[in-house]
Amino acid sequence: LMPGAPEWDRAAVIVNAMALARGHHARQPSTGAGLQAIGLSEPRLMALLTAEFEELRDLLPRIARRAAASAQPMDWAPLARLAWHAGRDPARADRQRQRIAGDHARAAAARAAA
């Protein structure tokens, strides 16, 4: 592969976001719960869940900075998979979107019940 190929672009976005998160990577809490914990608004969540790769290029670093600023760990694997598959493999990208949305909804419900 040559530098500049879509795979390189995608890998660079993922690695950059992981670096910006400053080590706040963990299997738990889930991605959706982590997004809930950093106070990601519903409109921003919807933007994330409907984003294709070009939008994710801007959104993931913002989310990573916010997670780092609040020292909020979360599972970054679904976000990385979303960035890898968005615009290339719609079924796989949608599975990640559904996972993030479901985890976020469960976290919001648990927070409301507390």
# chains A, B, ... in the order shown; residues from 1 in each chain; ligands from 1
call {"tool": "residues_around", "arguments": {"residues": "A:Arg27", "least_positions_apart": "3", "cutoff": "7 Å", "atoms": "only C-alpha atoms", "output": "list in words"}}
result
Ser30, Met74 and Asp75 of chain A
call {"tool": "write_last_selection", "arguments": {"atoms": "C-alpha atoms", "output": "short mmCIF file (atom, residue, chain, number, x, y, z; two decimals), in the first residue's frame"}}
result
data_model
loop_
_atom_site.label_atom_id
_atom_site.label_comp_id
_atom_site.auth_asym_id
_atom_site.auth_seq_id
_atom_site.Cartn_x
_atom_site.Cartn_y
_atom_site.Cartn_z
CA SER A 30 -18.49 0.49 27.03
CA MET A 74 -13.94 3.79 27.54
CA ASP A 75 -13.76 1.00 25.02
#
call {"tool": "residues_around", "arguments": {"residues": "stretch 35-43 of chain A", "least_positions_apart": "4", "cutoff": "10 Å", "atoms": "only C-alpha atoms", "output": "VMD selection string"}}
result
chain A and resid 29 to 31 47 to 49 63 66 to 75 100 to 101 103 to 108 111
call {"tool": "write_last_selection", "arguments": {"atoms": "N, CA and C atoms", "output": "PDB file, in the first residue's frame"}}
result
ATOM      1  N   PRO A  29     -15.692   1.219  30.931  1.00  0.00           N
ATOM      2  CA  PRO A  29     -17.063   1.078  30.461  1.00  0.00           C
ATOM      3  C   PRO A  29     -17.128   0.993  28.937  1.00  0.00           C
ATOM      4  N   SER A  30     -18.274   0.590  28.466  1.00  0.00           N
ATOM      5  CA  SER A  30     -18.489   0.486  27.026  1.00  0.00           C
ATOM      6  C   SER A  30     -18.337   1.862  26.379  1.00  0.00           C
ATOM      7  N   THR A  31     -18.226   1.853  25.071  1.00  0.00           N
ATOM      8  CA  THR A  31     -18.110   3.114  24.334  1.00  0.00           C
ATOM      9  C   THR A  31     -19.297   4.025  24.618  1.00  0.00           C
ATOM     10  N   ALA A  47     -24.742  12.819  15.339  1.00  0.00           N
ATOM     11  CA  ALA A  47     -23.743  13.136  14.314  1.00  0.00           C
ATOM     12  C   ALA A  47     -22.713  12.007  14.215  1.00  0.00           C
ATOM     13  N   LEU A  48     -22.285  11.495  15.364  1.00  0.00           N
ATOM     14  CA  LEU A  48     -21.332  10.388  15.373  1.00  0.00           C
ATOM     15  C   LEU A  48     -21.934   9.144  14.726  1.00  0.00           C
ATOM     16  N   LEU A  49     -23.164   8.831  15.083  1.00  0.00           N
ATOM     17  CA  LEU A  49     -23.793   7.597  14.605  1.00  0.00           C
ATOM     18  C   LEU A  49     -24.169   7.648  13.127  1.00  0.00           C
ATOM     19  N   ILE A  63     -13.772  13.829  20.327  1.00  0.00           N
ATOM     20  CA  ILE A  63     -14.222  12.930  21.385  1.00  0.00           C
ATOM     21  C   ILE A  63     -13.031  12.481  22.233  1.00  0.00           C
ATOM     22  N   ARG A  66     -11.959  15.221  24.571  1.00  0.00           N
ATOM     23  CA  ARG A  66     -12.938  15.379  25.651  1.00  0.00           C
ATOM     24  C   ARG A  66     -12.805  14.259  26.679  1.00  0.00           C
ATOM     25  N   ALA A  67     -12.598  13.038  26.210  1.00  0.00           N
ATOM     26  CA  ALA A  67     -12.401  11.908  27.125  1.00  0.00           C
ATOM     27  C   ALA A  67     -11.128  12.108  27.945  1.00  0.00           C
ATOM     28  N   ALA A  68     -10.068  12.577  27.298  1.00  0.00           N
ATOM     29  CA  ALA A  68      -8.812  12.808  28.018  1.00  0.00           C
ATOM     30  C   ALA A  68      -8.974  13.918  29.048  1.00  0.00           C
ATOM     31  N   ALA A  69      -9.663  14.987  28.668  1.00  0.00           N
ATOM     32  CA  ALA A  69      -9.848  16.121  29.585  1.00  0.00           C
ATOM     33  C   ALA A  69     -10.643  15.718  30.818  1.00  0.00           C
ATOM     34  N   SER A  70     -11.558  14.782  30.657  1.00  0.00           N
ATOM     35  CA  SER A  70     -12.354  14.344  31.804  1.00  0.00           C
ATOM     36  C   SER A  70     -11.808  13.046  32.404  1.00  0.00           C
ATOM     37  N   ALA A  71     -10.658  12.575  31.907  1.00  0.00           N
ATOM     38  CA  ALA A  71     -10.027  11.337  32.387  1.00  0.00           C
ATOM     39  C   ALA A  71     -11.012  10.172  32.373  1.00  0.00           C
ATOM     40  N   GLN A  72     -11.826  10.111  31.318  1.00  0.00           N
ATOM     41  CA  GLN A  72     -12.861   9.087  31.203  1.00  0.00           C
ATOM     42  C   GLN A  72     -12.386   7.934  30.320  1.00  0.00           C
ATOM     43  N   PRO A  73     -12.154   6.776  30.929  1.00  0.00           N
ATOM     44  CA  PRO A  73     -11.826   5.624  30.085  1.00  0.00           C
ATOM     45  C   PRO A  73     -13.070   5.120  29.371  1.00  0.00           C
ATOM     46  N   MET A  74     -12.856   4.448  28.268  1.00  0.00           N
ATOM     47  CA  MET A  74     -13.943   3.788  27.535  1.00  0.00           C
ATOM     48  C   MET A  74     -13.336   2.815  26.553  1.00  0.00           C
ATOM     49  N   ASP A  75     -14.177   1.967  26.021  1.00  0.00           N
ATOM     50  CA  ASP A  75     -13.764   1.000  25.017  1.00  0.00           C
ATOM     51  C   ASP A  75     -13.717   1.711  23.660  1.00  0.00           C
ATOM     52  N   ILE A 100     -22.791   1.033  19.743  1.00  0.00           N
ATOM     53  CA  ILE A 100     -22.559   2.287  20.465  1.00  0.00           C
ATOM     54  C   ILE A 100     -23.889   2.877  20.937  1.00  0.00           C
ATOM     55  N   ALA A 101     -24.876   2.913  20.056  1.00  0.00           N
ATOM     56  CA  ALA A 101     -26.190   3.477  20.399  1.00  0.00           C
ATOM     57  C   ALA A 101     -26.849   2.688  21.520  1.00  0.00           C
ATOM     58  N   ASP A 103     -25.404   0.758  23.826  1.00  0.00           N
ATOM     59  CA  ASP A 103     -24.655   0.975  25.067  1.00  0.00           C
ATOM     60  C   ASP A 103     -24.958   2.352  25.652  1.00  0.00           C
ATOM     61  N   HIS A 104     -25.077   3.344  24.794  1.00  0.00           N
ATOM     62  CA  HIS A 104     -25.379   4.700  25.249  1.00  0.00           C
ATOM     63  C   HIS A 104     -26.779   4.745  25.870  1.00  0.00           C
ATOM     64  N   ALA A 105     -27.735   4.109  25.219  1.00  0.00           N
ATOM     65  CA  ALA A 105     -29.113   4.100  25.736  1.00  0.00           C
ATOM     66  C   ALA A 105     -29.186   3.396  27.085  1.00  0.00           C
ATOM     67  N   ARG A 106     -28.484   2.267  27.218  1.00  0.00           N
ATOM     68  CA  ARG A 106     -28.465   1.557  28.513  1.00  0.00           C
ATOM     69  C   ARG A 106     -27.832   2.414  29.601  1.00  0.00           C
ATOM     70  N   ALA A 107     -26.747   3.102  29.261  1.00  0.00           N
ATOM     71  CA  ALA A 107     -26.077   3.965  30.241  1.00  0.00           C
ATOM     72  C   ALA A 107     -26.976   5.130  30.635  1.00  0.00           C
ATOM     73  N   ALA A 108     -27.683   5.701  29.670  1.00  0.00           N
ATOM     74  CA  ALA A 108     -28.597   6.817  29.970  1.00  0.00           C
ATOM     75  C   ALA A 108     -29.742   6.343  30.860  1.00  0.00           C
ATOM     76  N   ARG A 111     -28.440   5.806  34.368  1.00  0.00           N
ATOM     77  CA  ARG A 111     -28.197   7.098  35.016  1.00  0.00           C
ATOM     78  C   ARG A 111     -29.514   7.713  35.476  1.00  0.00           C
TER      79      ARG A 111
END
call {"tool": "closest_residue", "arguments": {"among": "A:Ala91, A:Leu45, A:Ala112, A:Val15", "to": "A:Gly32", "atoms": "only C-alpha atoms"}}
result
A:Leu45
call {"tool": "closest_residue", "arguments": {"among": "A:Arg92, A:Gly34, A:Ala110, A:Ala11", "to": "A:Ala64", "atoms": "only C-alpha atoms"}}
result
A:Gly34
call {"tool": "atom_distance", "arguments": {"atom1": "atom CA of A:Arg65", "atom2": "atom CA of A:Arg22"}}
result
8.4 Å
call {"tool": "closest_residue", "arguments": {"among": "A:Ala83, A:Ala77, A:Leu60, A:Ala113", "to": "A:Ala21", "atoms": "only C-alpha atoms"}}
result
A:Leu60
call {"tool": "atom_distance", "arguments": {"atom1": "atom CA of A:Ala26", "atom2": "atom CA of A:Pro61"}}
result
17.3 Å
call {"tool": "select_by_dssp", "arguments": {"residues": "chain A", "states": "alpha helix (DSSP H)", "output": "PyMOL selection string"}}
result
chain A and resi 6-20+31-37+42-50+53-69+77-85+90-113
call {"tool": "closest_residue", "arguments": {"among": "A:Arg88, A:Arg62, A:His25, A:Arg44", "to": "A:Arg10", "atoms": "only C-alpha atoms"}}
result
A:Arg88
call {"tool": "decode", "arguments": {"residues": "stretch 22-51 of chain A", "atoms": "N, CA and C atoms", "output": "PDB file, in the first residue's frame"}}
result
ATOM      1  N   ARG A  22      -5.027   9.864  25.433  1.00  0.00           N
ATOM      2  CA  ARG A  22      -4.009   9.815  26.499  1.00  0.00           C
ATOM      3  C   ARG A  22      -4.134   8.607  27.412  1.00  0.00           C
ATOM      4  N   GLY A  23      -4.282   7.457  26.814  1.00  0.00           N
ATOM      5  CA  GLY A  23      -4.287   6.228  27.592  1.00  0.00           C
ATOM      6  C   GLY A  23      -5.592   5.889  28.268  1.00  0.00           C
ATOM      7  N   HIS A  24      -6.630   6.629  28.009  1.00  0.00           N
ATOM      8  CA  HIS A  24      -7.925   6.347  28.633  1.00  0.00           C
ATOM      9  C   HIS A  24      -8.703   5.329  27.798  1.00  0.00           C
ATOM     10  N   HIS A  25      -8.072   4.155  27.668  1.00  0.00           N
ATOM     11  CA  HIS A  25      -8.653   3.051  26.919  1.00  0.00           C
ATOM     12  C   HIS A  25      -8.884   1.908  27.895  1.00  0.00           C
ATOM     13  N   ALA A  26     -10.045   1.344  27.868  1.00  0.00           N
ATOM     14  CA  ALA A  26     -10.357   0.212  28.736  1.00  0.00           C
ATOM     15  C   ALA A  26     -11.493  -0.572  28.109  1.00  0.00           C
ATOM     16  N   ARG A  27     -11.610  -1.831  28.469  1.00  0.00           N
ATOM     17  CA  ARG A  27     -12.718  -2.640  27.948  1.00  0.00           C
ATOM     18  C   ARG A  27     -14.040  -2.180  28.562  1.00  0.00           C
ATOM     19  N   GLN A  28     -13.962  -1.636  29.762  1.00  0.00           N
ATOM     20  CA  GLN A  28     -15.139  -1.106  30.460  1.00  0.00           C
ATOM     21  C   GLN A  28     -14.810   0.288  30.954  1.00  0.00           C
ATOM     22  N   PRO A  29     -15.692   1.219  30.931  1.00  0.00           N
ATOM     23  CA  PRO A  29     -17.063   1.078  30.461  1.00  0.00           C
ATOM     24  C   PRO A  29     -17.128   0.993  28.937  1.00  0.00           C
ATOM     25  N   SER A  30     -18.274   0.590  28.466  1.00  0.00           N
ATOM     26  CA  SER A  30     -18.489   0.486  27.026  1.00  0.00           C
ATOM     27  C   SER A  30     -18.337   1.862  26.379  1.00  0.00           C
ATOM     28  N   THR A  31     -18.226   1.853  25.071  1.00  0.00           N
ATOM     29  CA  THR A  31     -18.110   3.114  24.334  1.00  0.00           C
ATOM     30  C   THR A  31     -19.297   4.025  24.618  1.00  0.00           C
ATOM     31  N   GLY A  32     -20.494   3.470  24.508  1.00  0.00           N
ATOM     32  CA  GLY A  32     -21.702   4.272  24.740  1.00  0.00           C
ATOM     33  C   GLY A  32     -21.755   4.828  26.146  1.00  0.00           C
ATOM     34  N   ALA A  33     -21.373   4.008  27.131  1.00  0.00           N
ATOM     35  CA  ALA A  33     -21.356   4.483  28.518  1.00  0.00           C
ATOM     36  C   ALA A  33     -20.298   5.557  28.713  1.00  0.00           C
ATOM     37  N   GLY A  34     -19.158   5.398  28.073  1.00  0.00           N
ATOM     38  CA  GLY A  34     -18.114   6.423  28.147  1.00  0.00           C
ATOM     39  C   GLY A  34     -18.565   7.731  27.526  1.00  0.00           C
ATOM     40  N   LEU A  35     -19.244   7.647  26.391  1.00  0.00           N
ATOM     41  CA  LEU A  35     -19.767   8.855  25.743  1.00  0.00           C
ATOM     42  C   LEU A  35     -20.816   9.521  26.622  1.00  0.00           C
ATOM     43  N   GLN A  36     -21.625   8.707  27.293  1.00  0.00           N
ATOM     44  CA  GLN A  36     -22.621   9.232  28.226  1.00  0.00           C
ATOM     45  C   GLN A  36     -21.904   9.933  29.378  1.00  0.00           C
ATOM     46  N   ALA A  37     -20.839   9.323  29.887  1.00  0.00           N
ATOM     47  CA  ALA A  37     -20.117   9.879  31.036  1.00  0.00           C
ATOM     48  C   ALA A  37     -19.430  11.201  30.718  1.00  0.00           C
ATOM     49  N   ILE A  38     -18.981  11.384  29.476  1.00  0.00           N
ATOM     50  CA  ILE A  38     -18.339  12.669  29.142  1.00  0.00           C
ATOM     51  C   ILE A  38     -19.367  13.723  28.735  1.00  0.00           C
ATOM     52  N   GLY A  39     -20.638  13.352  28.792  1.00  0.00           N
ATOM     53  CA  GLY A  39     -21.700  14.313  28.518  1.00  0.00           C
ATOM     54  C   GLY A  39     -21.903  14.622  27.052  1.00  0.00           C
ATOM     55  N   LEU A  40     -21.611  13.650  26.176  1.00  0.00           N
ATOM     56  CA  LEU A  40     -21.845  13.871  24.756  1.00  0.00           C
ATOM     57  C   LEU A  40     -23.338  14.084  24.533  1.00  0.00           C
ATOM     58  N   SER A  41     -23.695  15.205  23.940  1.00  0.00           N
ATOM     59  CA  SER A  41     -25.099  15.558  23.742  1.00  0.00           C
ATOM     60  C   SER A  41     -25.750  14.644  22.707  1.00  0.00           C
ATOM     61  N   GLU A  42     -27.077  14.598  22.737  1.00  0.00           N
ATOM     62  CA  GLU A  42     -27.816  13.793  21.763  1.00  0.00           C
ATOM     63  C   GLU A  42     -27.503  14.217  20.323  1.00  0.00           C
ATOM     64  N   PRO A  43     -27.479  15.532  20.016  1.00  0.00           N
ATOM     65  CA  PRO A  43     -27.144  15.899  18.632  1.00  0.00           C
ATOM     66  C   PRO A  43     -25.742  15.446  18.213  1.00  0.00           C
ATOM     67  N   ARG A  44     -24.787  15.519  19.136  1.00  0.00           N
ATOM     68  CA  ARG A  44     -23.428  15.069  18.803  1.00  0.00           C
ATOM     69  C   ARG A  44     -23.372  13.553  18.675  1.00  0.00           C
ATOM     70  N   LEU A  45     -24.130  12.852  19.511  1.00  0.00           N
ATOM     71  CA  LEU A  45     -24.202  11.398  19.379  1.00  0.00           C
ATOM     72  C   LEU A  45     -24.803  11.034  18.030  1.00  0.00           C
ATOM     73  N   MET A  46     -25.870  11.720  17.640  1.00  0.00           N
ATOM     74  CA  MET A  46     -26.494  11.445  16.339  1.00  0.00           C
ATOM     75  C   MET A  46     -25.512  11.741  15.198  1.00  0.00           C
ATOM     76  N   ALA A  47     -24.742  12.819  15.339  1.00  0.00           N
ATOM     77  CA  ALA A  47     -23.743  13.136  14.314  1.00  0.00           C
ATOM     78  C   ALA A  47     -22.713  12.007  14.215  1.00  0.00           C
ATOM     79  N   LEU A  48     -22.285  11.495  15.364  1.00  0.00           N
ATOM     80  CA  LEU A  48     -21.332  10.388  15.373  1.00  0.00           C
ATOM     81  C   LEU A  48     -21.934   9.144  14.726  1.00  0.00           C
ATOM     82  N   LEU A  49     -23.164   8.831  15.083  1.00  0.00           N
ATOM     83  CA  LEU A  49     -23.793   7.597  14.605  1.00  0.00           C
ATOM     84  C   LEU A  49     -24.169   7.648  13.127  1.00  0.00           C
ATOM     85  N   THR A  50     -24.266   8.825  12.556  1.00  0.00           N
ATOM     86  CA  THR A  50     -24.598   8.936  11.131  1.00  0.00           C
ATOM     87  C   THR A  50     -23.390   9.315  10.282  1.00  0.00           C
ATOM     88  N   ALA A  51     -22.248   9.527  10.926  1.00  0.00           N
ATOM     89  CA  ALA A  51     -21.054  10.001  10.220  1.00  0.00           C
ATOM     90  C   ALA A  51     -20.450   8.917   9.329  1.00  0.00           C
TER      91      ALA A  51
END
